[in-house]
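**Q** TSV, C-alpha atoms and all ligand atoms, file start-v9.tsv:
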chain	number	residue	atom	x	y	z
M	1	MET	CA	-8.44	-24.51	3.59
M	2	LEU	CA	-7.32	-24.05	0.01
M	3	SER	CA	-8.24	-27.50	-1.20
M	4	SER	CA	-11.77	-27.35	0.21
M	5	ALA	CA	-12.56	-23.75	-0.83
M	6	ARG	CA	-14.82	-23.26	-3.83
M	7	GLN	CA	-15.09	-19.49	-4.07
M	8	CYS	CA	-12.67	-17.00	-2.62
M	9	LEU	CA	-12.06	-13.29	-2.46
M	10	VAL	CA	-8.68	-11.55	-2.47
M	11	THR	CA	-8.75	-8.01	-1.14
M	12	SER	CA	-6.46	-5.23	0.05
M	13	HIS	CA	-6.50	-1.82	1.73
M	14	VAL	CA	-8.15	1.42	0.62
M	15	ASN	CA	-5.98	3.52	-1.73
M	16	PRO	CA	-4.16	0.39	-2.93
M	17	ASP	CA	-0.46	0.99	-3.60
M	18	GLY	CA	2.05	-1.01	-5.63
M	19	ASP	CA	2.45	-3.67	-2.97
M	20	ALA	CA	-1.30	-4.04	-2.39
M	21	VAL	CA	-2.00	-4.43	-6.11
M	22	GLY	CA	1.09	-6.53	-6.89
M	23	ALA	CA	0.63	-8.96	-4.00
M	24	SER	CA	-3.13	-9.35	-4.55
M	25	LEU	CA	-2.87	-9.99	-8.28
M	26	ALA	CA	0.04	-12.40	-7.91
M	27	TRP	CA	-1.81	-14.35	-5.19
M	28	TRP	CA	-4.94	-14.42	-7.35
M	29	SER	CA	-2.93	-15.64	-10.32
M	30	TYR	CA	-1.35	-18.35	-8.17
M	31	LEU	CA	-4.76	-19.50	-6.84
M	32	LYS	CA	-6.10	-19.84	-10.36
M	33	ALA	CA	-3.05	-21.84	-11.44
M	34	ALA	CA	-2.91	-24.12	-8.41
M	35	TYR	CA	-6.68	-24.57	-7.83
M	36	PRO	CA	-8.35	-24.42	-11.23
M	37	ALA	CA	-11.68	-25.62	-9.83
M	38	MET	CA	-11.86	-22.75	-7.33
M	39	GLU	CA	-13.32	-19.42	-8.34
M	40	ALA	CA	-11.20	-16.47	-7.28
M	41	ARG	CA	-11.71	-12.73	-7.67
M	42	VAL	CA	-9.94	-9.57	-6.55
M	43	ALA	CA	-11.88	-6.60	-5.16
M	44	PHE	CA	-10.46	-3.35	-3.76
M	45	PRO	CA	-12.24	-0.65	-1.69
M	46	ASN	CA	-11.40	1.99	-4.31
M	47	ARG	CA	-9.52	2.33	-7.57
M	48	TYR	CA	-5.79	1.70	-7.83
M	49	PRO	CA	-3.63	4.43	-9.39
M	50	GLU	CA	-3.30	4.55	-13.16
M	51	PHE	CA	0.41	3.66	-13.18
M	52	LEU	CA	-0.36	0.15	-11.88
M	53	GLY	CA	-2.95	-0.59	-14.57
M	54	TRP	CA	-0.48	-2.61	-16.67
M	55	ILE	CA	-0.15	-5.39	-14.06
M	56	GLU	CA	-1.58	-8.69	-15.30
M	57	GLY	CA	-5.16	-9.05	-14.09
M	58	ALA	CA	-5.57	-5.39	-13.08
M	59	ALA	CA	-8.39	-4.94	-15.59
M	60	GLN	CA	-10.40	-7.70	-13.86
M	61	VAL	CA	-10.25	-6.10	-10.40
M	62	ALA	CA	-13.64	-5.03	-9.04
M	63	VAL	CA	-13.80	-1.68	-7.26
M	64	TYR	CA	-16.30	-1.13	-4.44
M	65	THR	CA	-16.68	2.64	-4.89
M	66	ASP	CA	-17.82	1.98	-8.46
M	67	ASP	CA	-21.63	1.98	-8.21
M	68	LYS	CA	-21.96	-0.50	-11.06
M	69	GLU	CA	-19.68	-3.02	-9.34
M	70	LYS	CA	-20.74	-2.57	-5.72
M	71	GLU	CA	-23.72	-4.94	-5.83
M	72	ALA	CA	-21.85	-7.54	-7.84
M	73	ILE	CA	-19.11	-7.54	-5.21
M	74	GLN	CA	-21.66	-7.92	-2.41
M	75	ASP	CA	-23.28	-10.88	-4.20
M	76	TYR	CA	-19.94	-12.48	-4.93
M	77	VAL	CA	-18.73	-12.05	-1.34
M	78	LYS	CA	-21.91	-13.70	-0.02
M	79	GLY	CA	-20.99	-16.87	-1.91
M	80	CYS	CA	-17.37	-16.91	-0.73
M	81	ASP	CA	-16.08	-19.61	1.60
M	82	LEU	CA	-12.58	-18.14	1.98
M	83	ILE	CA	-11.34	-14.54	2.19
M	84	PHE	CA	-7.75	-13.40	1.75
M	85	CYS	CA	-6.77	-10.06	3.26
M	86	LEU	CA	-3.45	-8.78	1.92
M	87	ASP	CA	-1.20	-5.90	2.99
M	88	PHE	CA	-3.31	-4.51	5.85
M	89	ASN	CA	-3.81	-5.38	9.49
M	90	ALA	CA	-7.40	-4.47	10.42
M	91	ILE	CA	-10.73	-4.82	8.59
M	92	ASN	CA	-11.47	-1.08	8.93
M	93	ARG	CA	-8.65	-0.48	6.40
M	94	LEU	CA	-11.14	-1.80	3.82
M	95	ASP	CA	-13.16	1.39	4.28
M	96	SER	CA	-16.75	0.89	3.05
M	97	LEU	CA	-15.92	-2.56	1.59
M	98	SER	CA	-15.73	-3.80	5.19
M	99	GLU	CA	-19.55	-3.71	5.29
M	100	ALA	CA	-19.62	-6.54	2.72
M	101	LEU	CA	-17.46	-8.67	5.01
M	102	ALA	CA	-19.23	-7.88	8.27
M	103	ASP	CA	-20.92	-10.91	9.92
M	104	HIS	CA	-19.49	-13.16	7.23
M	105	SER	CA	-18.79	-16.71	8.36
M	106	ALA	CA	-16.04	-17.50	5.82
M	107	PRO	CA	-12.57	-17.83	7.35
M	108	ARG	CA	-10.32	-14.82	6.83
M	109	VAL	CA	-6.67	-15.36	6.03
M	110	LEU	CA	-4.29	-12.48	6.64
M	111	ILE	CA	-1.02	-12.07	4.72
M	112	ASP	CA	0.67	-8.87	5.86
M	113	HIS	CA	3.80	-7.12	7.09
M	114	HIS	CA	2.34	-4.31	9.26
M	115	ARG	CA	2.65	-4.21	13.02
M	116	GLN	CA	-0.03	-5.44	15.43
M	117	PRO	CA	-2.59	-7.34	13.35
M	118	ALA	CA	-6.12	-6.98	14.73
M	119	ASP	CA	-7.86	-9.94	16.30
M	120	GLU	CA	-10.20	-10.34	13.31
M	121	PHE	CA	-8.53	-13.07	11.27
M	122	ASP	CA	-8.71	-16.87	11.43
M	123	LEU	CA	-5.29	-17.64	9.99
M	124	VAL	CA	-2.55	-15.04	10.33
M	125	PHE	CA	0.64	-14.67	8.32
M	126	SER	CA	2.06	-11.49	9.82
M	127	ASP	CA	5.77	-10.67	9.86
M	128	ILE	CA	7.20	-7.16	10.06
M	129	SER	CA	10.60	-8.33	8.87
M	130	MET	CA	9.15	-8.91	5.39
M	131	SER	CA	10.04	-6.13	2.94
M	132	SER	CA	6.57	-6.25	1.46
M	133	THR	CA	3.43	-8.35	1.30
M	134	SER	CA	4.62	-9.26	-2.18
M	135	GLU	CA	7.66	-10.94	-0.62
M	136	PHE	CA	5.37	-12.74	1.83
M	137	VAL	CA	3.17	-14.01	-1.01
M	138	TYR	CA	6.27	-15.12	-2.87
M	139	ARG	CA	7.55	-17.09	0.13
M	140	ILE	CA	4.16	-18.71	0.78
M	141	VAL	CA	3.81	-19.78	-2.85
M	142	LYS	CA	7.35	-21.14	-2.81
M	143	ALA	CA	6.67	-23.10	0.38
M	144	LEU	CA	3.37	-24.49	-0.94
M	145	ASP	CA	4.25	-25.38	-4.50
M	146	GLY	CA	7.61	-24.02	-5.49
M	147	LYS	CA	7.90	-20.90	-7.57
M	148	MET	CA	7.07	-22.55	-10.86
M	149	LEU	CA	3.34	-21.93	-10.50
M	150	LEU	CA	4.01	-18.20	-10.81
M	151	SER	CA	3.43	-16.92	-14.32
M	152	LYS	CA	5.67	-14.24	-15.75
M	153	GLY	CA	2.80	-11.79	-15.20
M	154	ALA	CA	2.55	-12.78	-11.53
M	155	ALA	CA	6.32	-12.45	-11.16
M	156	GLU	CA	6.12	-8.93	-12.63
M	157	ALA	CA	3.34	-8.08	-10.17
M	158	LEU	CA	5.47	-9.27	-7.25
M	159	TYR	CA	8.49	-7.32	-8.47
M	160	ALA	CA	6.38	-4.16	-8.81
M	161	GLY	CA	5.17	-4.62	-5.22
M	162	LEU	CA	8.68	-5.30	-3.97
M	163	ILE	CA	10.27	-2.21	-5.52
M	164	THR	CA	7.46	0.16	-4.54
M	165	ASP	CA	7.54	-0.91	-0.88
M	166	THR	CA	11.35	-0.76	-0.62
M	167	GLY	CA	12.15	2.30	-2.75
M	168	SER	CA	13.89	-0.13	-5.14
M	169	PHE	CA	15.78	-1.89	-2.32
M	170	SER	CA	16.78	1.31	-0.47
M	171	PHE	CA	14.78	0.64	2.73
M	172	SER	CA	12.79	-2.13	4.48
M	173	VAL	CA	15.10	-4.81	3.11
M	174	ASN	CA	16.06	-6.78	6.20
M	175	THR	CA	17.33	-10.13	4.95
M	176	PRO	CA	19.28	-11.54	1.99
M	177	GLU	CA	16.09	-13.48	1.13
M	178	THR	CA	14.66	-10.35	-0.46
M	179	PHE	CA	17.45	-10.34	-3.03
M	180	ARG	CA	17.04	-14.08	-3.59
M	181	MET	CA	13.40	-13.38	-4.35
M	182	ALA	CA	14.41	-10.75	-6.92
M	183	ALA	CA	16.83	-13.23	-8.48
M	184	ASP	CA	14.11	-15.90	-8.62
M	185	LEU	CA	11.71	-13.46	-10.27
M	186	MET	CA	14.33	-12.74	-12.92
M	187	GLU	CA	14.63	-16.49	-13.48
M	188	LEU	CA	10.88	-16.56	-14.04
M	189	GLY	CA	11.49	-14.30	-17.01
M	190	ILE	CA	10.75	-10.77	-15.83
M	191	ASP	CA	12.57	-7.84	-17.38
M	192	LYS	CA	13.30	-5.87	-14.20
M	193	ASN	CA	14.30	-2.71	-16.05
M	194	GLU	CA	11.07	-2.74	-17.97
M	195	VAL	CA	8.99	-3.21	-14.78
M	196	ALA	CA	10.86	-0.36	-13.05
M	197	GLY	CA	10.24	1.84	-16.08
M	198	LYS	CA	6.51	1.08	-16.02
M	199	VAL	CA	6.34	1.85	-12.29
M	200	TYR	CA	8.51	4.98	-12.15
M	201	ASP	CA	8.61	6.59	-15.58
M	202	SER	CA	4.89	7.03	-15.78
M	203	TYR	CA	4.29	10.57	-14.52
M	204	SER	CA	1.78	12.77	-16.25
M	205	GLU	CA	3.09	16.27	-16.94
M	206	LYS	CA	0.73	17.64	-14.25
M	207	ARG	CA	2.05	15.18	-11.70
M	208	MET	CA	5.65	16.17	-12.41
M	209	ARG	CA	4.73	19.86	-12.05
M	210	LEU	CA	2.89	19.13	-8.79
M	211	LEU	CA	6.09	17.56	-7.45
M	212	GLY	CA	8.06	20.65	-8.52
M	213	TYR	CA	5.50	22.91	-6.82
M	214	CYS	CA	5.67	20.83	-3.61
M	215	LEU	CA	9.45	21.04	-3.39
M	216	GLN	CA	9.83	24.66	-4.53
M	217	SER	CA	6.89	26.36	-2.84
M	218	LYS	CA	5.33	24.07	-0.25
M	219	MET	CA	8.10	22.21	1.56
M	220	ARG	CA	8.89	23.66	4.97
M	221	VAL	CA	12.13	22.60	6.63
M	222	PHE	CA	12.71	22.72	10.39
M	223	PRO	CA	16.48	22.34	10.71
M	224	LYS	CA	16.44	22.49	14.50
M	225	HIS	CA	14.13	19.50	14.61
M	226	ARG	CA	15.67	17.79	11.59
M	227	ALA	CA	12.23	17.61	10.02
M	228	ALA	CA	10.28	18.81	6.98
M	229	CYS	CA	6.67	18.87	5.89
M	230	ILE	CA	4.55	19.52	2.80
M	231	ALA	CA	0.89	20.53	3.15
M	232	LEU	CA	-1.49	20.48	0.17
M	233	SER	CA	-5.02	21.85	0.12
M	234	ARG	CA	-7.72	20.38	-2.09
M	235	SER	CA	-7.75	23.44	-4.31
M	236	GLU	CA	-3.99	23.18	-4.84
M	237	LEU	CA	-4.38	19.51	-5.78
M	238	GLU	CA	-7.20	20.36	-8.18
M	239	GLU	CA	-5.06	23.03	-9.82
M	240	PHE	CA	-2.76	20.17	-10.87
M	241	CYS	CA	-5.66	17.87	-11.94
M	242	PHE	CA	-4.85	15.50	-9.08
M	243	GLN	CA	-5.41	11.78	-9.75
M	244	PRO	CA	-5.22	9.11	-7.03
M	245	GLY	CA	-1.63	8.00	-6.63
M	246	ASP	CA	-0.17	11.27	-7.97
M	247	THR	CA	1.47	12.14	-4.64
M	248	GLU	CA	2.73	8.57	-4.13
M	249	GLY	CA	6.35	8.81	-3.00
M	250	PHE	CA	6.35	12.61	-2.60
M	251	VAL	CA	6.71	12.31	1.18
M	252	ASN	CA	10.09	10.60	0.71
M	253	PHE	CA	11.72	13.54	-1.09
M	254	PRO	CA	12.47	15.72	1.96
M	255	LEU	CA	14.36	12.77	3.47
M	256	SER	CA	16.95	13.22	0.73
M	257	ILE	CA	18.06	16.39	2.54
M	258	LYS	CA	21.06	15.28	4.52
M	259	LYS	CA	19.97	16.56	7.91
M	260	VAL	CA	16.27	15.78	7.63
M	261	ARG	CA	15.27	12.53	9.32
M	262	LEU	CA	11.51	13.06	9.60
M	263	ALA	CA	9.18	13.99	6.73
M	264	ALA	CA	5.45	14.58	6.69
M	265	LEU	CA	2.92	15.04	3.90
M	266	PHE	CA	-0.48	16.53	4.75
M	267	MET	CA	-3.27	16.43	2.18
M	268	GLU	CA	-6.81	17.64	2.51
M	269	SER	CA	-9.18	14.70	1.86
M	270	SER	CA	-11.41	14.81	-1.25
M	271	ASP	CA	-14.54	15.39	0.89
M	272	ARG	CA	-12.60	18.01	2.89
M	273	THR	CA	-13.52	16.30	6.18
M	274	HIS	CA	-10.00	15.54	7.35
M	275	ILE	CA	-6.30	15.66	6.55
M	276	ARG	CA	-4.54	12.58	5.20
M	277	VAL	CA	-1.19	12.24	6.94
M	278	SER	CA	1.88	10.38	5.66
M	279	LEU	CA	5.00	10.14	7.79
M	280	ARG	CA	8.46	8.87	6.88
M	281	SER	CA	11.71	8.64	8.83
M	282	LYS	CA	15.18	7.44	8.12
M	283	GLY	CA	17.48	5.54	10.44
M	284	LYS	CA	16.85	3.22	13.34
M	285	ASP	CA	16.02	5.78	16.06
M	286	LEU	CA	12.81	7.44	14.99
M	287	SER	CA	9.63	5.38	14.80
M	288	VAL	CA	6.94	7.12	12.77
M	289	ASN	CA	4.67	4.20	13.64
M	290	GLU	CA	4.70	5.49	17.23
M	291	LEU	CA	4.20	9.11	16.12
M	292	ALA	CA	1.28	8.13	13.90
M	293	GLN	CA	-0.35	6.17	16.72
M	294	LYS	CA	0.21	8.84	19.35
M	295	TYR	CA	-0.81	11.91	17.33
M	296	PHE	CA	-2.60	10.97	14.11
M	297	ASN	CA	-4.99	8.03	14.78
M	298	GLY	CA	-2.87	5.80	12.59
M	299	GLY	CA	0.17	3.55	12.40
M	300	GLY	CA	2.11	1.39	9.99
M	301	HIS	CA	5.80	0.60	9.85
M	302	PHE	CA	8.81	1.89	11.80
M	303	ASN	CA	9.97	4.15	8.93
M	304	ALA	CA	6.71	4.61	7.03
M	305	SER	CA	3.31	5.29	8.55
M	306	GLY	CA	0.09	7.13	7.97
M	307	GLY	CA	-2.91	8.52	9.77
M	308	LYS	CA	-5.65	11.12	9.82
M	309	TYR	CA	-6.13	14.52	11.43
M	310	PHE	CA	-9.63	15.86	11.92
M	311	ASP	CA	-9.26	19.62	11.59
M	312	SER	CA	-8.12	22.19	9.02
M	313	LEU	CA	-4.89	21.96	7.05
M	314	LYS	CA	-3.61	25.11	8.74
M	315	ASN	CA	-4.22	23.67	12.20
M	316	CYS	CA	-2.62	20.41	11.13
M	317	GLU	CA	0.63	22.21	10.29
M	318	ALA	CA	0.55	24.09	13.59
M	319	TYR	CA	-0.12	20.79	15.40
M	320	PHE	CA	2.88	19.24	13.63
M	321	GLU	CA	5.13	22.13	14.70
M	322	LYS	CA	3.99	21.65	18.27
M	323	ILE	CA	4.78	17.92	18.07
M	324	LEU	CA	8.27	18.78	16.80
M	325	LYS	CA	8.83	21.10	19.77
M	326	ASP	CA	7.52	18.55	22.26
M	327	GLU	CA	9.24	15.47	20.86
M	328	PHE	CA	12.49	16.59	19.21
M	401	MN	MN	3.05	-3.27	1.88
Just dump the structure as structure tokens.

**A**
Amino acid sequence: MLSSARQCLVTSHVNPDGDAVGASLAWWSYLKAAYPAMEARVAFPNRYPEFLGWIEGAAQVAVYTDDKEKEAIQDYVKGCDLIFCLDFNAINRLDSLSEALADHSAPRVLIDHHRQPADEFDLVFSDISMSSTSEFVYRIVKALDGKMLLSKGAAEALYAGLITDTGSFSFSVNTPETFRMAADLMELGIDKNEVAGKVYDSYSEKRMRLLGYCLQSKMRVFPKHRAACIALSRSELEEFCFQPGDTEGFVNFPLSIKKVRLAALFMESSDRTHIRVSLRSKGKDLSVNELAQKYFNGGGHFNASGGKYFDSLKNCEAYFEKILKDEF
């Protein structure tokens, strides 16, 4: 497929996170190095958060919600004969960008680590034991060509994806291979401390204060159910000049309370039509993937999932309390 393709698209899910951006840009960089005659571009459904803007190639990413780029993406996609879908398991995760791919005859290749990939792809690399899609990309590149076709910039992108999806190796690391990957990336010349600094020490003052507000005033703990939640209205987010990605990782904080094993973050969507739900658990007994599927029209991983709730924020919290009573 690769050797016959002339024009390809690399894309990832809406609200791209560190793994989505890191894996996509590393794969794109690899394609350009290994297949110089092929044209390759990266397009995302919407903009990636500011703190990932330093990754090599990020400035060249096209964003579908940008009115100036929308048509160019549609035209480019029309000419594609190969489409790579990274870090998501169903085309609807592309949000409005999925319209550009609808009825497209080009083969779709999936590279992903979420459960239950949809039946919409022609070649599927799907493995939930992978720490991240970045690890998957790394292993595929290594199997195809050896790691030497990864530039230092691509190696940095993969490391950024790896640490953001594993909380810097604290969860979702299932095999020693993940550490071998990190070692290989260091051999490719990355400064891991510098990458971690760029990813984590990049808060705006407002973002840091929003975190403080969440923990001090908004976090509710339910000791009986060993759970906690944080609910944020749009007006609260606006008070802190919310930027996409600002609440990234916030849902993990309540899990640092010894007895809490389930954490939820509820955020009113920007168009105020629904509540964005993030769920996290710790340990091997509580699957938030199941909770997200059963109650929040969503899914994801065993310990990290997301979904949507179509009602008010207040009702969402009450609904969550009811779930706690019913389930735990
Ligand atoms: Mn991922």

**Q** Collect all residues with atoms no farther than 10 Å from ligand MN 401 (chain M), counting all atoms listed in the file, and output them as a count of residues only.

**A** 31

**Q** Give the answer as one residue: which of M:Leu211, M:Ser170, M:Lys152, M:Val199 has the shortest atom-to-atom distance to Asp184 (chain M), using all atoms listed in the file?

**A**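 That would be M:Lys152, the residue with the smallest distance to Asp184 (chain M).
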
**Q** Would you mind telling me which residue in M:Asp66, M:Asp122, M:Glu317, M:Asp75 lies nearest to Cys229 (chain M) when using all atoms listed in the file?

**A**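 Counting all atoms listed in the file, the residue closest to Cys229 (chain M) is M:Glu317.
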
**Q** Hey, which of M:Lys206, M:Arg139, M:His274, M:Lys282 ends up closest to Phe240 (chain M)? Count only C-alpha atoms.

**A**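 Answer, going by the shortest atom-to-atom distance: M:Lys206.
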
**Q** Could you give me, as a PDB file with C-alpha atoms, keeping the file's coordinate frame, the residues within 10 Å of Ala62 (chain M), counting only C-alpha atoms and dropping anything in the same chain fewer than 5 positions from it?

**A**
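That gives us out_36.pdb:
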ATOM      1  CA  THR M  11      -8.750  -8.010  -1.140  1.00  0.00           C
ATOM      2  CA  ARG M  41     -11.710 -12.730  -7.670  1.00  0.00           C
ATOM      3  CA  VAL M  42      -9.940  -9.570  -6.550  1.00  0.00           C
ATOM      4  CA  ALA M  43     -11.880  -6.600  -5.160  1.00  0.00           C
ATOM      5  CA  PHE M  44     -10.460  -3.350  -3.760  1.00  0.00           C
ATOM      6  CA  PRO M  45     -12.240  -0.650  -1.690  1.00  0.00           C
ATOM      7  CA  ASN M  46     -11.400   1.990  -4.310  1.00  0.00           C
ATOM      8  CA  ARG M  47      -9.520   2.330  -7.570  1.00  0.00           C
ATOM      9  CA  LYS M  68     -21.960  -0.500 -11.060  1.00  0.00           C
ATOM     10  CA  GLU M  69     -19.680  -3.020  -9.340  1.00  0.00           C
ATOM     11  CA  LYS M  70     -20.740  -2.570  -5.720  1.00  0.00           C
ATOM     12  CA  ALA M  72     -21.850  -7.540  -7.840  1.00  0.00           C
ATOM     13  CA  ILE M  73     -19.110  -7.540  -5.210  1.00  0.00           C
TER      14      ILE M  73
END

**Q** In terms of the shortest atom-to-atom distance over only C-alpha atoms, which of M:Lys198, M:Gly306, M:Lys322, M:Val61 is closest to His225 (chain M)?

**A**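 The closest residue to His225 (chain M) is M:Lys322.
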
**Q** Using all atoms listed in the file, which residue out of M:Ala33, M:Ala182, M:Ala196, M:Ala227 lies closest to Leu52 (chain M)?

**A** M:Ala196

**Q** So the first atom is CA of Ile91 (chain M) and the second is CA of Asp119 (chain M); what is the distance between them in Å, to one decimal place?

**A**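 Taking CA of Ile91 (chain M) and CA of Asp119 (chain M), their separation equals 9.7 Å.
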
**Q** With all atoms listed in the file as the basis for distance, which of M:Ala228, M:Ala5, M:Asp246, M:Gln293 is at the shortest distance from Ser202 (chain M)?

**A** M:Asp246

**Q** Just to confirm, what's the straight-line distance from CA of Ala58 (chain M) to CA of Ala155 (chain M) in Å (one decimal)?

**A**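 We find that CA of Ala58 (chain M) and CA of Ala155 (chain M) lie 14.0 Å from each other.
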
**Q** Around the point (-17.7, -17.2, 9.5) (coordinates from the file), which residues reach within 12 Å if we count all atoms listed in the file? Answer as a compact mmCIF listing (two decimals) with C-alpha atoms, in the frame of the given file.

**A**
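Written out: point14.txt:
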# COMPACT_ATOMS: atom_id res chain seq x y z
CA LYS M 78 -21.91 -13.70 -0.02
CA GLY M 79 -20.99 -16.87 -1.91
CA CYS M 80 -17.37 -16.91 -0.73
CA ASP M 81 -16.08 -19.61 1.60
CA LEU M 82 -12.58 -18.14 1.98
CA ILE M 83 -11.34 -14.54 2.19
CA LEU M 101 -17.46 -8.67 5.01
CA ALA M 102 -19.23 -7.88 8.27
CA ASP M 103 -20.92 -10.91 9.92
CA HIS M 104 -19.49 -13.16 7.23
CA SER M 105 -18.79 -16.71 8.36
CA ALA M 106 -16.04 -17.50 5.82
CA PRO M 107 -12.57 -17.83 7.35
CA ARG M 108 -10.32 -14.82 6.83
CA VAL M 109 -6.67 -15.36 6.03
CA GLU M 120 -10.20 -10.34 13.31
CA PHE M 121 -8.53 -13.07 11.27
CA ASP M 122 -8.71 -16.87 11.43
